[in-house]
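Student: Pasting start-v9.cif here (mmCIF, C-alpha atoms):
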```cif
data_model
loop_
_atom_site.label_atom_id
_atom_site.label_comp_id
_atom_site.auth_asym_id
_atom_site.auth_seq_id
_atom_site.Cartn_x
_atom_site.Cartn_y
_atom_site.Cartn_z
CA MET A 528 8.08 -6.13 -10.91
CA ALA A 529 8.10 -5.86 -7.12
CA ASP A 530 5.07 -4.35 -5.41
CA ARG A 531 5.42 -0.68 -4.57
CA TYR A 532 4.70 0.24 -0.96
CA THR A 533 2.32 3.20 -1.00
CA HIS A 534 3.32 4.50 2.44
CA GLY A 535 7.10 4.12 2.39
CA HIS A 536 9.16 4.41 5.56
CA HIS A 537 9.12 8.11 6.36
CA PRO A 538 9.33 8.79 10.14
CA SER A 539 5.65 9.81 10.14
CA VAL A 540 4.78 6.33 8.84
CA LEU A 541 7.07 4.48 11.23
CA ALA A 542 5.62 6.46 14.15
CA SER A 543 2.21 4.91 13.49
CA HIS A 544 3.77 1.44 13.14
CA GLN A 545 5.66 1.87 16.41
CA TRP A 546 2.40 2.68 18.21
CA ARG A 547 1.02 -0.74 17.38
CA SER A 548 1.08 -3.62 19.84
CA ALA A 549 -0.36 -7.10 20.04
CA GLU A 550 -3.03 -5.72 22.36
CA ASN A 551 -4.27 -2.92 20.11
CA SER A 552 -3.66 -4.61 16.75
CA ALA A 553 -3.81 -8.41 17.19
CA ARG A 554 -6.14 -9.03 20.11
CA TYR A 555 -8.19 -11.48 18.02
CA LEU A 556 -5.16 -13.78 17.87
CA LEU A 557 -3.93 -13.67 21.47
CA ASP A 558 -6.09 -16.51 22.84
CA HIS A 559 -4.65 -18.79 20.16
CA LEU A 560 -1.01 -18.28 21.16
CA THR A 561 0.51 -21.03 23.27
CA GLU A 562 3.79 -21.50 25.06
CA GLY A 563 6.41 -23.05 22.84
CA ALA A 564 4.70 -22.06 19.60
CA SER A 565 6.61 -21.07 16.48
CA LEU A 566 5.32 -17.91 14.80
CA LEU A 567 6.15 -16.01 11.64
CA ASP A 568 5.19 -12.31 11.57
CA VAL A 569 5.04 -11.26 7.90
CA GLY A 570 5.53 -7.57 7.18
CA CYS A 571 6.67 -7.00 10.74
CA GLY A 572 7.92 -3.45 10.21
CA PRO A 573 9.76 -2.11 13.26
CA GLY A 574 8.80 -5.18 15.30
CA ASN A 575 6.51 -3.76 17.97
CA ILE A 576 3.83 -6.41 17.53
CA THR A 577 6.45 -9.08 16.91
CA VAL A 578 8.21 -8.56 20.24
CA ASP A 579 4.87 -8.80 22.05
CA PHE A 580 4.29 -12.17 20.42
CA ALA A 581 7.73 -13.38 21.54
CA GLN A 582 6.86 -12.49 25.12
CA ARG A 583 3.62 -14.47 24.90
CA VAL A 584 5.02 -17.75 23.50
CA GLY A 585 7.60 -18.46 26.18
CA GLY A 586 10.01 -21.13 25.05
CA GLY A 587 8.85 -20.78 21.48
CA SER A 588 10.36 -19.00 18.51
CA VAL A 589 9.17 -15.88 16.69
CA ILE A 590 10.55 -14.59 13.39
CA GLY A 591 9.74 -11.13 12.11
CA LEU A 592 10.02 -10.77 8.34
CA ASP A 593 9.97 -7.62 6.24
CA ARG A 594 11.21 -6.82 2.75
CA SER A 595 12.88 -3.59 3.93
CA ALA A 596 16.46 -4.20 5.07
CA GLU A 597 16.49 -0.77 6.74
CA VAL A 598 13.44 -1.56 8.84
CA ILE A 599 14.78 -5.00 9.80
CA THR A 600 18.07 -3.45 10.89
CA ALA A 601 16.17 -1.07 13.16
CA ALA A 602 14.07 -3.91 14.58
CA ARG A 603 17.16 -5.97 15.33
CA SER A 604 18.78 -2.98 17.02
CA GLN A 605 15.81 -2.40 19.30
CA TYR A 606 14.57 -5.94 19.98
CA GLY A 607 17.35 -8.29 18.87
CA ALA A 608 18.24 -9.29 22.43
CA THR A 609 14.75 -10.68 23.13
CA THR A 610 14.85 -14.41 23.80
CA GLY A 611 13.39 -16.51 21.02
CA LEU A 612 13.03 -13.57 18.63
CA SER A 613 14.82 -12.96 15.33
CA PHE A 614 14.31 -10.75 12.29
CA VAL A 615 14.97 -11.51 8.62
CA VAL A 616 14.62 -9.75 5.29
CA GLY A 617 12.28 -11.67 3.01
CA ASP A 618 9.60 -11.75 0.35
CA VAL A 619 6.05 -12.86 1.23
CA TYR A 620 5.64 -14.37 -2.23
CA HIS A 621 8.74 -16.55 -1.78
CA LEU A 622 9.21 -17.36 1.90
CA GLU A 623 12.58 -19.00 2.45
CA PHE A 624 11.26 -21.57 4.93
CA SER A 625 10.44 -25.24 4.59
CA ASP A 626 6.89 -26.49 4.26
CA GLU A 627 4.85 -26.82 7.47
CA LYS A 628 7.37 -24.99 9.65
CA PHE A 629 5.20 -22.64 11.77
CA ASP A 630 2.30 -22.99 14.19
CA VAL A 631 1.14 -19.44 13.49
CA VAL A 632 1.60 -17.06 10.57
CA HIS A 633 0.52 -13.47 11.19
CA ALA A 634 0.26 -10.49 8.84
CA HIS A 635 -1.02 -7.10 9.97
CA GLN A 636 -1.88 -4.41 7.38
CA VAL A 637 0.12 -6.29 4.73
CA LEU A 638 -2.33 -7.72 2.20
CA GLN A 639 -3.76 -4.30 1.37
CA HIS A 640 -0.40 -3.29 -0.10
CA LEU A 641 0.05 -6.35 -2.33
CA SER A 642 -0.85 -6.78 -5.98
CA ARG A 643 -1.29 -10.55 -5.44
CA PRO A 644 -2.79 -11.03 -1.98
CA VAL A 645 -4.14 -14.52 -2.70
CA ALA A 646 -0.69 -15.70 -3.86
CA ALA A 647 0.76 -14.35 -0.61
CA ILE A 648 -1.86 -16.23 1.41
CA GLU A 649 -1.08 -19.44 -0.48
CA GLU A 650 2.59 -19.03 0.39
CA MET A 651 1.80 -18.35 4.05
CA ARG A 652 -0.38 -21.47 4.07
CA ARG A 653 2.51 -23.52 2.68
CA VAL A 654 4.70 -22.78 5.70
CA LEU A 655 1.92 -23.51 8.22
CA ARG A 656 1.82 -26.84 9.98
CA PRO A 657 -1.39 -28.92 9.77
CA GLY A 658 -3.70 -27.43 12.39
CA GLY A 659 -1.72 -24.19 12.36
CA VAL A 660 -3.33 -20.76 12.39
CA LEU A 661 -3.19 -17.97 9.83
CA ALA A 662 -4.04 -14.55 11.33
CA VAL A 663 -4.51 -11.59 8.98
CA ARG A 664 -5.92 -8.13 9.69
CA ASP A 665 -6.43 -5.23 7.30
CA ALA A 666 -8.12 -1.87 7.35
CA ASP A 667 -10.76 -0.74 4.86
CA TYR A 668 -10.20 2.83 3.69
CA GLY A 669 -13.58 3.03 2.01
CA ALA A 670 -15.23 2.46 5.40
CA PHE A 671 -13.20 5.06 7.32
CA ALA A 672 -15.51 7.48 9.12
CA TRP A 673 -14.75 10.91 10.52
CA ALA A 674 -16.44 14.04 11.74
CA PRO A 675 -16.76 16.89 11.22
CA SER A 676 -16.87 16.50 7.45
CA ASP A 677 -14.35 18.28 5.26
CA PRO A 678 -14.16 18.14 1.45
CA LEU A 679 -10.36 18.08 1.67
CA LEU A 680 -10.43 14.91 3.78
CA ASP A 681 -12.83 13.41 1.25
CA ARG A 682 -10.29 14.35 -1.41
CA TRP A 683 -7.50 12.73 0.64
CA ARG A 684 -9.36 9.41 0.63
CA GLU A 685 -10.11 9.74 -3.08
CA LEU A 686 -6.43 10.41 -3.76
CA TYR A 687 -5.36 7.48 -1.59
CA HIS A 688 -7.64 5.14 -3.56
CA ALA A 689 -6.30 6.47 -6.86
CA LEU A 690 -2.72 5.98 -5.71
CA THR A 691 -3.19 2.43 -4.44
CA ARG A 692 -4.94 1.49 -7.68
CA ARG A 693 -1.93 2.77 -9.61
CA ASN A 694 0.26 0.56 -7.40
CA GLY A 695 -1.96 -2.47 -8.03
CA ALA A 696 -3.03 -2.61 -4.38
CA GLU A 697 -6.43 -2.67 -2.64
CA ALA A 698 -7.08 0.09 -0.11
CA ASP A 699 -10.43 -1.49 0.83
CA ALA A 700 -8.77 -4.78 1.71
CA GLY A 701 -10.82 -5.38 4.84
CA ARG A 702 -14.00 -6.24 2.96
CA HIS A 703 -12.10 -8.65 0.68
CA LEU A 704 -10.08 -10.41 3.36
CA LYS A 705 -12.39 -13.37 3.96
CA SER A 706 -12.68 -14.03 0.23
CA TRP A 707 -8.92 -13.85 -0.26
CA VAL A 708 -8.30 -16.33 2.57
CA LEU A 709 -10.85 -18.79 1.18
CA ARG A 710 -9.32 -18.48 -2.28
CA GLY A 711 -5.91 -19.03 -0.70
CA GLY A 712 -6.84 -22.59 0.22
CA PHE A 713 -8.39 -22.29 3.69
CA SER A 714 -11.86 -23.53 4.62
CA ASP A 715 -11.91 -23.32 8.44
CA VAL A 716 -12.27 -19.54 8.69
CA THR A 717 -13.47 -17.16 11.43
CA THR A 718 -14.01 -13.50 10.53
CA THR A 719 -14.38 -10.62 12.99
CA SER A 720 -13.92 -6.86 12.99
CA SER A 721 -12.56 -4.18 15.28
CA THR A 722 -11.67 -0.50 15.15
CA TRP A 723 -9.09 2.07 16.05
CA THR A 724 -10.81 5.24 17.26
CA TYR A 725 -9.11 8.61 17.69
CA GLU A 726 -11.20 11.12 19.60
CA SER A 727 -9.38 12.57 22.62
CA LEU A 728 -7.23 15.67 22.16
CA ASP A 729 -4.00 13.68 22.39
CA GLU A 730 -5.30 11.05 19.96
CA ARG A 731 -6.51 13.65 17.49
CA GLN A 732 -3.28 15.60 17.57
CA TRP A 733 -1.23 12.44 17.13
CA TRP A 734 -3.27 10.99 14.25
CA GLY A 735 -3.98 14.30 12.54
CA GLY A 736 -0.37 15.38 12.91
CA LEU A 737 0.94 12.15 11.42
CA TRP A 738 -1.27 12.43 8.35
CA ALA A 739 -0.56 16.12 7.97
CA GLU A 740 3.11 15.21 7.71
CA ARG A 741 2.53 12.16 5.54
CA ALA A 742 0.42 14.23 3.14
CA VAL A 743 3.44 16.32 2.20
CA SER A 744 6.55 14.28 3.07
CA SER A 745 5.96 10.52 2.81
CA ASP A 746 5.89 8.22 -0.20
CA PHE A 747 2.14 8.86 -0.36
CA ALA A 748 3.00 12.43 -1.35
CA HIS A 749 5.98 11.60 -3.56
CA GLN A 750 4.16 8.88 -5.51
CA SER A 751 1.00 10.95 -5.90
CA LEU A 752 3.06 13.76 -7.43
CA GLU A 753 5.06 11.34 -9.58
CA TYR A 754 1.87 9.87 -11.07
CA GLY A 755 0.37 13.30 -11.65
CA LEU A 756 -2.57 12.60 -9.36
CA THR A 757 -2.25 15.88 -7.44
CA ASN A 758 0.00 18.88 -6.90
CA GLU A 759 1.95 20.33 -3.98
CA GLY A 760 -0.67 23.00 -3.36
CA GLU A 761 -3.43 20.45 -2.88
CA LEU A 762 -1.25 18.28 -0.64
CA ASN A 763 -0.53 21.28 1.56
CA GLU A 764 -4.26 21.98 1.77
CA ILE A 765 -4.92 18.36 2.79
CA ALA A 766 -2.24 18.62 5.48
CA ALA A 767 -3.84 21.80 6.80
CA ALA A 768 -7.23 20.08 6.86
CA PHE A 769 -5.88 17.29 9.07
CA ARG A 770 -4.45 19.87 11.46
CA ARG A 771 -7.76 21.75 11.60
CA TRP A 772 -9.62 18.50 12.21
CA ALA A 773 -7.31 17.65 15.11
CA LEU A 774 -8.15 20.92 16.86
CA ARG A 775 -11.90 20.39 16.78
CA GLU A 776 -13.23 19.33 20.17
CA ASP A 777 -16.05 17.40 18.50
CA ALA A 778 -13.76 15.57 16.05
CA ILE A 779 -13.54 11.79 15.78
CA PHE A 780 -11.83 9.41 13.33
CA VAL A 781 -12.78 5.71 13.18
CA ILE A 782 -10.73 3.11 11.31
CA PRO A 783 -12.47 -0.24 10.85
CA HIS A 784 -10.52 -3.46 10.38
CA VAL A 785 -11.48 -6.95 9.34
CA GLU A 786 -9.53 -9.82 10.86
CA VAL A 787 -9.51 -13.44 9.78
CA LEU A 788 -8.35 -16.51 11.68
CA ALA A 789 -7.97 -19.57 9.47
CA ARG A 790 -6.83 -23.05 10.46
CA ARG A 791 -4.85 -25.18 8.04
#
```
If you took the structure in this file and wrote it as structure tokens, what would it be?
Tutor:
Amino acid sequence: MADRYTHGHHPSVLASHQWRSAENSARYLLDHLTEGASLLDVGCGPGNITVDFAQRVGGGSVIGLDRSAEVITAARSQYGATTGLSFVVGDVYHLEFSDEKFDVVHAHQVLQHLSRPVAAIEEMRRVLRPGGVLAVRDADYGAFAWAPSDPLLDRWRELYHALTRRNGAEADAGRHLKSWVLRGGFSDVTTTSSTWTYESLDERQWWGGLWAERAVSSDFAHQSLEYGLTNEGELNEIAAAFRRWALREDAIFVIPHVEVLARR
């Protein structure tokens, strides 16, 4: 059975994906990109990070891959004219590329949604050339930190963990990332961490507003209701809590990530 994506592709989800860039989401990789390199971006979503990569490997080739045909169509529409960049629909467990094809394979916030992350890493390793670089980055929901405290936001995280467990995924992927990469066949591994921090009024309203909407309208909401993990009343209360949090002048939300660079 195919993995079930906990977030889905509601506009409130895509808005957060479209905010991402190579600078704010893949900085740990940038010094390892060279002109003429070939790069595969697994789980590329709408392609915002992917197009940045294409602009940094002049004369090279970048392929963005996602299992959602709808998302790939949107990425092609927006970025398809970029030189050296293409987008394909594909499956991370069965990449339709020859062995040792790419200099770099990148996956951002992908492994946390998979039931078999080590198998995915093994497949990404297969398509890397000797000396090539795997770059993976994932958040760790269990390490999220926010203030002021609110029992409804605690409940949101509890519900998110329950939902991802039902989907066979690992919400706390960040802390497991190094282990997964080692088990996936790599030995030359460098592990670092970084954060996204939302604290200004604009940042709080953007992040809090997105999750307020996701709490009631995205696949997070639909799947939580389907599995009987919550009810509409509680989801509405969680949404209201995010909106209240966003209005607090002293509010802050910190999202830690672990990132791994591994050389084949």
Student: Can you list, as number ranges by chain, every protein, DNA or RNA residue that comes within 10 Å of range 681-691 of chain A when you count only C-alpha atoms, leaving out same-chain residues fewer than 4 positions away?
Tutor: A: 531-534, 639-642, 668-669, 671, 673, 676-677, 695-699, 738, 742, 747-748, 750-752, 754-757, 761-762, 764-766, 768-769
Student: Got a sec to resolve the PyMOL selection byres ((chain A and resi 728) around 9) on this structure and send the residues as a count of residues only?
Tutor: 13
Student: Any chance you could work out the residue set of the PyMOL selection byres ((chain A and resi 651) around 10) here, as a list in words?
Tutor: Leu567, Val569, Val619, Tyr620, His621, Leu622, Asp626, Glu627, Phe629, Val631, Val632, His633, Ala634, Val645, Ala646, Ala647, Ile648, Glu649, Glu650, Arg652, Arg653, Val654, Leu655, Leu661 and Gly711 of chain A
Student: Check which residues satisfy the PyMOL selection byres ((chain A and resi 606-613) around 6) in the file shown, then give them as a PDB file with C-alpha atoms, keeping the file's coordinate frame.
Tutor:
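So the final result, stored in result-v6.pdb, reads:
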```
ATOM      1  CA  SER A 588      10.360 -19.000  18.510  1.00  0.00           C
ATOM      2  CA  VAL A 589       9.170 -15.880  16.690  1.00  0.00           C
ATOM      3  CA  ILE A 590      10.550 -14.590  13.390  1.00  0.00           C
ATOM      4  CA  ALA A 602      14.070  -3.910  14.580  1.00  0.00           C
ATOM      5  CA  ARG A 603      17.160  -5.970  15.330  1.00  0.00           C
ATOM      6  CA  SER A 604      18.780  -2.980  17.020  1.00  0.00           C
ATOM      7  CA  GLN A 605      15.810  -2.400  19.300  1.00  0.00           C
ATOM      8  CA  PHE A 614      14.310 -10.750  12.290  1.00  0.00           C
TER       9      PHE A 614
END
```
Student: Please provide the set of residues having any atom within 10 Å of Arg554 in chain A, restricted to all atoms listed in the file, with same-chain residues fewer than 6 positions apart removed, written as number ranges by chain.
Tutor: A: 548, 721, 786
Student: Can you measure CA of Gly574 in chain A to CA of Arg664 in chain A for me? One decimal in Å is fine.
Tutor: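 It comes out at 16.0 Å.
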Student: Using CA of Gly591 in chain A and CA of Gln545 in chain A as the two end points, give the distance in Å to one decimal.
Tutor: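 Distance reported for this atom pair: 14.3 Å.
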Student: How far is it from CA of Ala542 in chain A to CA of Leu592 in chain A, in Å with one decimal?
Tutor: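 Atom-to-atom, CA of Ala542 in chain A to CA of Leu592 in chain A, that is 18.7 Å.
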Student: Using all atoms listed in the file, can you list as a PyMOL selection string the residues within 12 Å of (-5.6, -6.8, 21.2)?
Tutor: chain A and resi 547-558+576+579-580+664+720-723+786
Student: Nearest to Arg702 in chain A: which of A:Thr577, A:Ser565, A:Thr719, A:Asn758 is it, counting all atoms listed in the file?
Tutor: A:Thr719
Student: I need the residue nearest Ser744 in chain A from this list: A:Pro657, A:Gly587, A:Gly572, A:Gly535. Use only C-alpha atoms for the distance.
Tutor: A:Gly535
Student: Of the candidates A:Glu759, A:Asp715, A:Glu753, A:Asp746, which one gets nearest to Arg790 in chain A if we count only C-alpha atoms?
Tutor: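 The shortest atom-to-atom distance to Arg790 in chain A comes from A:Asp715.
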Student: Quick one: of A:His635, A:Arg771, A:Lys628, A:Arg693, who's nearest to Asn575 in chain A, counting all atoms listed in the file?
Tutor: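 Selected residue with least distance to Asn575 in chain A: A:His635.
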